Structures are given as structure tokens and as C-alpha cells.
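Trainee: Once you've had a glance at the structure underneath, I'll fire off some questions.
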Amino acid sequence: MSVEPFMITVPGSTANLGPGFDSVGLAVDRYLTLVAKPADAWSFYSESPDLKGVPTDEENLIYKVAKHVADTYGYMLTPCEVEMTSDIPLTRGLGSSAAAIVAGIELANQQMNNVLSPEEKVRLSSLWEGHPDNVAASVYGGLVIGTHTEEATHVLYGGVPEVDLVVVIPKHELLTKKARGVLPESLPYKKAVRGSGVANVLVAALLQGNFSLAGEMMSADIFHHPYRGELVPHLQDVIDVVREDTDAYGAALSGAGPTIFCLAPLNRGEAVKEVLSKRFPDFEIDVLAPAKHGVCVKVPSYLREA
């Protein structure tokens, strides 16, 4: 098969937003970009600090996902040289692995003549990831709400909230496997009902644009905050500073952490960042925006001319 050079861009994401555990995701404007060109053998390379140490051969996650998708649909992939660029930090809770999974699916999809619908991309990526929040946000952009089982995946698009996003990113990593390892196997019935009620109100508040209420629900989570707090000792401190010293709506772990995600009024993110930078000088603090678009593919002019 002849493959023309192309570029894939995938946004990162924040997941859960507190109580929306494994269900609510929001795309953010940090990106993984691939430039794929036909080659004699598969290779992956990058000069991005956030991709340091990523495998450069067929052990690369993007290749593994692409091959799995191609095998599933009975296609043979053409080898490519893939240049990777990313400003999504690895294992920090900003959807780096989800972005790589979606990129791998799109890499295969382009070689398969673009046969996959967005719904099929979400299904394939959820089966690989095990939950739809990060991957669906990377596919669709904006806010997503979903549920996933081995039998079916259902995701609804919730638009693009008009807010600023402030992220507090520690220098240390936190593997998702470790963060999931501290979670309980079950919750008492009444506690689970309470947790689902908080999550329901979070989603309704986000969809109605009632961000003050959404912020209140973010820090009221009982599904994972109480357990992951031991792995992220600064969590409660950041939540308290956000609540008491800024006009941000609320804060929560971003995905499994250790990054903390703050929801702030539109155009007020820099003011929130200034306060947090003074209180937490050892952390990287940045103002992001919801990514309006999910995974996209294009052929830049310089690739056409190559």
C-alpha cells in the first residue's frame, strides 16, 4: 500500500473532575503530534523532553495500538518513520497514554483509508484503556461523559466549557497502576449512592454552566480522593488554597494524579496561577484551555513538498 506523509494531532485530557470517576473527561490544549512518513521499517523518534525514554521501535505504544487495530480489521500496515512531538507530561494525569492510544488508532485508520467513525475510535480506545474518559476526550475534544464495559461503550459529548483551566504539576511521576492499587475493591451501599449523587450533580452543573456548583462537587468526591490523597500529599493543601485564596471554582486530581486540575472563571486563570505559584513554588503551574477539537489529521504543505 502506498502511504503519503501525514500529521496527526491529539489533545491531552483531564479525567474524573473529582467524582466523575472513569466517566467524565475534558480535553485540554496540550498536544501529542505525529508526523508519519513511509519507510523501510518502523521507527519512532522525538526531541521532546516529555517523550524522553519512549521506545523507538515496535515496542512503542503507538505502534502496538496501530498494529492491533490493523489486525482487528484485517489490514497490513506499511512501515513508517514517525516523528513525535508532545508537551503532555508522562504519568502526571494529563492523558499522555490516552493520547498515544488515540494516535495509534488514527495511525492505523489513515492507512485503512479512514474507515473508522469517531464512535468506533472511542470503542477501540476504551477497550484498550479500560475506561472512556481520557480517550473519548482526545477523540472528540471538549467535555465528554461516558460509560464502558466489555460489551458496549456509550459516550456523550458535552460541548466546550467556557472556563480557564489551571494545572499544578509536580515534578514526580505517579503511575496509574500504583494510583489504582490504593483504591478499595468495594464501597458500602450508602456511600456509593452518595458518591454517585455527587457525580450526577457535577455533570448536570457542567452541562448547565453552573461552574460554582461544579467546583463544589469536584472537591466532594468520595470515590478516589480519600484514597489517593496518601500518594498526593499536596492535594488537600491545593484544594484549600484554591477555595480560600482564589476565585477559582474548585480543584480536583487530574486523572490518577499527581497533577491537580483547577476550574477557573474565563480569563481569570492567570490570577489563580499567580496565587498558586507563590504558595507552591516547587511545582509547574500553567493555565490551559479546553481543547475545542479532538484528534485531527492533515497534510501540511511542507510534507506535500517533501
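Quick note on naming: the chains in the C-alpha cells go A, B, ... in the order shown, residues restart at 1 in each chain, and ligands are numbered from 1 in order of appearance.
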When you look at Leu253 in chain A with a cut-off of 12 Å (counting only C-alpha atoms), what residues show up, excluding the ones that are within fewer than 5 positions of it in the same chain? I need them as a PDB file with N, CA and C atoms, in the first residue's frame.

Mentor:
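Saved result, around38.pdb, follows:
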```pdb
ATOM      1  N   THR A  14      -7.895  15.861  30.923  1.00  0.00           N
ATOM      2  CA  THR A  14      -8.013  15.641  32.355  1.00  0.00           C
ATOM      3  C   THR A  14      -9.253  14.779  32.562  1.00  0.00           C
ATOM      4  N   ALA A  15      -9.183  13.863  33.518  1.00  0.00           N
ATOM      5  CA  ALA A  15     -10.288  12.921  33.717  1.00  0.00           C
ATOM      6  C   ALA A  15     -10.820  12.989  35.140  1.00  0.00           C
ATOM      7  N   ASN A  16     -12.017  12.504  35.283  1.00  0.00           N
ATOM      8  CA  ASN A  16     -12.736  12.387  36.557  1.00  0.00           C
ATOM      9  C   ASN A  16     -13.354  13.711  37.006  1.00  0.00           C
ATOM     10  N   LEU A  17     -12.569  14.801  36.996  1.00  0.00           N
ATOM     11  CA  LEU A  17     -13.010  16.091  37.526  1.00  0.00           C
ATOM     12  C   LEU A  17     -13.569  15.930  38.938  1.00  0.00           C
ATOM     13  N   GLY A  18     -12.926  15.050  39.682  1.00  0.00           N
ATOM     14  CA  GLY A  18     -13.374  14.738  41.029  1.00  0.00           C
ATOM     15  C   GLY A  18     -14.208  13.476  41.031  1.00  0.00           C
ATOM     16  N   PRO A  19     -15.525  13.600  41.203  1.00  0.00           N
ATOM     17  CA  PRO A  19     -16.378  12.426  41.397  1.00  0.00           C
ATOM     18  C   PRO A  19     -16.777  11.681  40.126  1.00  0.00           C
ATOM     19  N   GLY A  20     -16.478  12.224  38.948  1.00  0.00           N
ATOM     20  CA  GLY A  20     -16.881  11.550  37.708  1.00  0.00           C
ATOM     21  C   GLY A  20     -15.905  10.448  37.339  1.00  0.00           C
ATOM     22  N   PHE A  21     -15.666   9.536  38.268  1.00  0.00           N
ATOM     23  CA  PHE A  21     -14.586   8.573  38.170  1.00  0.00           C
ATOM     24  C   PHE A  21     -14.745   7.634  36.971  1.00  0.00           C
ATOM     25  N   ARG A  92       1.524  11.982  34.603  1.00  0.00           N
ATOM     26  CA  ARG A  92       1.187  13.089  35.506  1.00  0.00           C
ATOM     27  C   ARG A  92      -0.321  13.300  35.607  1.00  0.00           C
ATOM     28  N   GLY A  93      -1.119  12.511  34.899  1.00  0.00           N
ATOM     29  CA  GLY A  93      -2.561  12.680  34.987  1.00  0.00           C
ATOM     30  C   GLY A  93      -3.140  13.610  33.951  1.00  0.00           C
ATOM     31  N   LEU A  94      -2.439  13.815  32.837  1.00  0.00           N
ATOM     32  CA  LEU A  94      -2.955  14.677  31.769  1.00  0.00           C
ATOM     33  C   LEU A  94      -3.162  13.909  30.465  1.00  0.00           C
ATOM     34  N   VAL A 166      -6.430  25.669  35.291  1.00  0.00           N
ATOM     35  CA  VAL A 166      -5.114  25.878  35.893  1.00  0.00           C
ATOM     36  C   VAL A 166      -4.632  24.537  36.422  1.00  0.00           C
ATOM     37  N   VAL A 167      -3.434  24.131  36.006  1.00  0.00           N
ATOM     38  CA  VAL A 167      -2.913  22.837  36.434  1.00  0.00           C
ATOM     39  C   VAL A 167      -1.685  23.030  37.301  1.00  0.00           C
ATOM     40  N   VAL A 168      -1.629  22.243  38.365  1.00  0.00           N
ATOM     41  CA  VAL A 168      -0.498  22.229  39.290  1.00  0.00           C
ATOM     42  C   VAL A 168       0.201  20.890  39.080  1.00  0.00           C
ATOM     43  N   ILE A 169       1.385  20.938  38.451  1.00  0.00           N
ATOM     44  CA  ILE A 169       2.062  19.714  38.015  1.00  0.00           C
ATOM     45  C   ILE A 169       3.328  19.499  38.846  1.00  0.00           C
ATOM     46  N   PRO A 170       3.345  18.454  39.684  1.00  0.00           N
ATOM     47  CA  PRO A 170       4.567  18.147  40.445  1.00  0.00           C
ATOM     48  C   PRO A 170       5.653  17.597  39.533  1.00  0.00           C
ATOM     49  N   LEU A 174       3.533   9.627  38.865  1.00  0.00           N
ATOM     50  CA  LEU A 174       2.692   8.710  39.618  1.00  0.00           C
ATOM     51  C   LEU A 174       2.068   7.747  38.621  1.00  0.00           C
ATOM     52  N   ALA A 179      -1.622   4.233  41.463  1.00  0.00           N
ATOM     53  CA  ALA A 179      -2.747   5.043  41.931  1.00  0.00           C
ATOM     54  C   ALA A 179      -4.025   4.222  42.017  1.00  0.00           C
ATOM     55  N   MET A 218     -16.515  18.962  42.708  1.00  0.00           N
ATOM     56  CA  MET A 218     -15.183  18.435  42.396  1.00  0.00           C
ATOM     57  C   MET A 218     -14.435  18.009  43.647  1.00  0.00           C
ATOM     58  N   SER A 219     -14.500  18.822  44.679  1.00  0.00           N
ATOM     59  CA  SER A 219     -13.754  18.510  45.897  1.00  0.00           C
ATOM     60  C   SER A 219     -14.552  17.661  46.877  1.00  0.00           C
ATOM     61  N   ALA A 220     -15.790  17.285  46.493  1.00  0.00           N
ATOM     62  CA  ALA A 220     -16.626  16.453  47.376  1.00  0.00           C
ATOM     63  C   ALA A 220     -16.546  14.976  47.010  1.00  0.00           C
ATOM     64  N   ASP A 221     -15.646  14.628  46.110  1.00  0.00           N
ATOM     65  CA  ASP A 221     -15.509  13.239  45.662  1.00  0.00           C
ATOM     66  C   ASP A 221     -15.224  12.284  46.815  1.00  0.00           C
ATOM     67  N   PHE A 223     -14.947   8.779  45.724  1.00  0.00           N
ATOM     68  CA  PHE A 223     -14.537   7.574  45.004  1.00  0.00           C
ATOM     69  C   PHE A 223     -13.026   7.352  45.000  1.00  0.00           C
ATOM     70  N   HIS A 224     -12.256   8.434  44.877  1.00  0.00           N
ATOM     71  CA  HIS A 224     -10.800   8.216  44.821  1.00  0.00           C
ATOM     72  C   HIS A 224      -9.966   9.230  45.593  1.00  0.00           C
ATOM     73  N   HIS A 225     -10.439  10.448  45.798  1.00  0.00           N
ATOM     74  CA  HIS A 225      -9.659  11.427  46.553  1.00  0.00           C
ATOM     75  C   HIS A 225      -9.228  10.922  47.936  1.00  0.00           C
ATOM     76  N   PRO A 226     -10.137  10.334  48.721  1.00  0.00           N
ATOM     77  CA  PRO A 226      -9.737   9.923  50.071  1.00  0.00           C
ATOM     78  C   PRO A 226      -8.621   8.882  50.081  1.00  0.00           C
ATOM     79  N   TYR A 227      -8.500   8.125  49.017  1.00  0.00           N
ATOM     80  CA  TYR A 227      -7.523   7.033  48.977  1.00  0.00           C
ATOM     81  C   TYR A 227      -6.223   7.460  48.294  1.00  0.00           C
ATOM     82  N   ARG A 228      -6.326   8.256  47.251  1.00  0.00           N
ATOM     83  CA  ARG A 228      -5.136   8.698  46.538  1.00  0.00           C
ATOM     84  C   ARG A 228      -4.442   9.859  47.232  1.00  0.00           C
ATOM     85  N   GLY A 229      -5.112  10.443  48.227  1.00  0.00           N
ATOM     86  CA  GLY A 229      -4.509  11.542  48.971  1.00  0.00           C
ATOM     87  C   GLY A 229      -3.187  11.155  49.604  1.00  0.00           C
ATOM     88  N   LEU A 231      -0.960   9.326  48.317  1.00  0.00           N
ATOM     89  CA  LEU A 231       0.072   9.361  47.281  1.00  0.00           C
ATOM     90  C   LEU A 231       0.326  10.777  46.776  1.00  0.00           C
ATOM     91  N   VAL A 232      -0.605  11.679  47.069  1.00  0.00           N
ATOM     92  CA  VAL A 232      -0.506  13.075  46.605  1.00  0.00           C
ATOM     93  C   VAL A 232      -0.700  13.975  47.828  1.00  0.00           C
ATOM     94  N   PRO A 233       0.330  14.089  48.658  1.00  0.00           N
ATOM     95  CA  PRO A 233       0.167  14.794  49.936  1.00  0.00           C
ATOM     96  C   PRO A 233      -0.191  16.266  49.815  1.00  0.00           C
ATOM     97  N   HIS A 234       0.067  16.856  48.641  1.00  0.00           N
ATOM     98  CA  HIS A 234      -0.252  18.272  48.460  1.00  0.00           C
ATOM     99  C   HIS A 234      -1.693  18.492  48.019  1.00  0.00           C
ATOM    100  N   LEU A 235      -2.461  17.435  47.793  1.00  0.00           N
ATOM    101  CA  LEU A 235      -3.810  17.560  47.232  1.00  0.00           C
ATOM    102  C   LEU A 235      -4.693  18.475  48.060  1.00  0.00           C
ATOM    103  N   GLN A 236      -4.835  18.166  49.335  1.00  0.00           N
ATOM    104  CA  GLN A 236      -5.751  18.958  50.160  1.00  0.00           C
ATOM    105  C   GLN A 236      -5.259  20.385  50.327  1.00  0.00           C
ATOM    106  N   VAL A 238      -3.649  22.202  48.113  1.00  0.00           N
ATOM    107  CA  VAL A 238      -4.007  22.956  46.907  1.00  0.00           C
ATOM    108  C   VAL A 238      -5.502  23.254  46.888  1.00  0.00           C
ATOM    109  N   ILE A 239      -6.326  22.259  47.213  1.00  0.00           N
ATOM    110  CA  ILE A 239      -7.775  22.469  47.242  1.00  0.00           C
ATOM    111  C   ILE A 239      -8.125  23.599  48.209  1.00  0.00           C
ATOM    112  N   PRO A 258      -0.293  12.836  39.691  1.00  0.00           N
ATOM    113  CA  PRO A 258      -0.352  13.757  40.834  1.00  0.00           C
ATOM    114  C   PRO A 258      -0.723  15.195  40.478  1.00  0.00           C
ATOM    115  N   THR A 259      -0.948  15.482  39.180  1.00  0.00           N
ATOM    116  CA  THR A 259      -1.371  16.825  38.790  1.00  0.00           C
ATOM    117  C   THR A 259      -2.734  17.140  39.384  1.00  0.00           C
ATOM    118  N   ILE A 260      -2.895  18.376  39.809  1.00  0.00           N
ATOM    119  CA  ILE A 260      -4.185  18.858  40.299  1.00  0.00           C
ATOM    120  C   ILE A 260      -4.726  19.866  39.295  1.00  0.00           C
ATOM    121  N   PHE A 261      -6.009  19.726  39.031  1.00  0.00           N
ATOM    122  CA  PHE A 261      -6.691  20.490  37.993  1.00  0.00           C
ATOM    123  C   PHE A 261      -7.650  21.468  38.664  1.00  0.00           C
ATOM    124  N   CYS A 262      -7.564  22.746  38.310  1.00  0.00           N
ATOM    125  CA  CYS A 262      -8.432  23.780  38.881  1.00  0.00           C
ATOM    126  C   CYS A 262      -9.331  24.360  37.792  1.00  0.00           C
ATOM    127  N   LEU A 263     -10.592  24.496  38.119  1.00  0.00           N
ATOM    128  CA  LEU A 263     -11.568  25.105  37.216  1.00  0.00           C
ATOM    129  C   LEU A 263     -11.705  26.572  37.612  1.00  0.00           C
TER     130      LEU A 263
END
```

Trainee: Counting only C-alpha atoms, which residues of range 211-248 of chain A fall within 8 Å of range 265-282 of chain A, and what is the closest atom pair for each with its distance in Å at one decimal, ordered by chain and rising number, as JSON lines?

Mentor:
```
{"residue": "A:Val238", "atom": "CA", "partner": "A:Leu276", "partner_atom": "CA", "distance": 7.8}
{"residue": "A:Val241", "atom": "CA", "partner": "A:Leu276", "partner_atom": "CA", "distance": 7.6}
{"residue": "A:Val242", "atom": "CA", "partner": "A:Val272", "partner_atom": "CA", "distance": 7.8}
{"residue": "A:Asp245", "atom": "CA", "partner": "A:Val275", "partner_atom": "CA", "distance": 7.5}
{"residue": "A:Thr246", "atom": "CA", "partner": "A:Val272", "partner_atom": "CA", "distance": 5.8}
{"residue": "A:Asp247", "atom": "CA", "partner": "A:Val272", "partner_atom": "CA", "distance": 7.2}
{"residue": "A:Ala248", "atom": "CA", "partner": "A:Pro265", "partner_atom": "CA", "distance": 6.3}
```

Trainee: Of the candidates A:Ile285, A:Val10, A:Val163, A:Val155, which shows the shortest atom-to-atom distance to Ala264 in chain A, using only C-alpha atoms?

Mentor: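 Smallest distance to Ala264 in chain A is found for A:Val163.
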
Trainee: For each of A:Asn109, A:Asn210, A:Glu47, A:Ser23, take the minimum atom-to-atom distance to Ser126 in chain A, counting only C-alpha atoms, then give the residue where this is smallest.

Mentor: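 Closest residue, counting only C-alpha atoms: A:Ser23.
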
Trainee: Write out as a list in words the residues lying within 8 Å of Asp29 in chain A, counting only C-alpha atoms and excluding same-chain residues fewer than 2 positions away.

Mentor: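 Selected residues are Pro11, Gly12, Ala27, Tyr31, Leu288, Ala289, Pro290 and Ala291 of chain A.
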
Trainee: Write out as number ranges by chain all residues of range 30-246 of chain A that backbone DSSP assigns to strand (DSSP E).

Mentor: A: 30-38, 43-46, 80-86, 143-148, 153-157, 163-169

Trainee: Which residues are close to Phe6 in chain A, i.e. within 8 Å by only C-alpha atoms, leaving aside same-chain residues fewer than 2 positions away? Reply as a PyMOL selection string.

Mentor: chain A and resi 4+8+35-37+297-300+303

Trainee: Kindly save the residues from that selection, with N, CA and C atoms included, as a CSV table (one decimal), in the first residue's frame.

Mentor:
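Heads up, here's the output in selection.csv:
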```
chain,number,residue,atom,x,y,z
A,4,GLU,N,1.0,8.3,1.9
A,4,GLU,CA,1.5,9.6,1.8
A,4,GLU,C,1.8,10.1,3.2
A,8,ILE,N,-0.7,13.8,12.5
A,8,ILE,CA,-1.8,13.5,13.5
A,8,ILE,C,-1.6,14.4,14.7
A,35,VAL,N,4.2,13.0,13.0
A,35,VAL,CA,4.4,13.2,11.5
A,35,VAL,C,4.9,11.8,11.0
A,36,ALA,N,4.1,11.2,10.2
A,36,ALA,CA,4.4,9.8,9.7
A,36,ALA,C,4.7,9.9,8.2
A,37,LYS,N,5.9,9.2,7.9
A,37,LYS,CA,6.3,9.1,6.5
A,37,LYS,C,6.6,7.7,6.2
A,297,VAL,N,-6.3,15.1,11.5
A,297,VAL,CA,-5.3,14.7,10.6
A,297,VAL,C,-5.2,15.7,9.4
A,298,LYS,N,-4.0,16.1,9.1
A,298,LYS,CA,-3.8,17.0,7.9
A,298,LYS,C,-2.5,16.7,7.3
A,299,VAL,N,-2.3,17.2,6.1
A,299,VAL,CA,-1.0,17.1,5.4
A,299,VAL,C,-0.5,18.5,5.2
A,300,PRO,N,0.4,19.0,6.0
A,300,PRO,CA,1.0,20.3,5.9
A,300,PRO,C,1.7,20.5,4.6
A,303,LEU,N,5.0,18.8,4.0
A,303,LEU,CA,5.0,17.4,3.7
A,303,LEU,C,4.7,17.1,2.3
```

Trainee: Give the answer as one residue: which of A:Thr149, A:Ser46, A:Ser117, A:Ser13 has the shortest atom-to-atom distance to Ile88 in chain A, using only C-alpha atoms?

Mentor: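 Nearest to Ile88 in chain A: A:Ser13.
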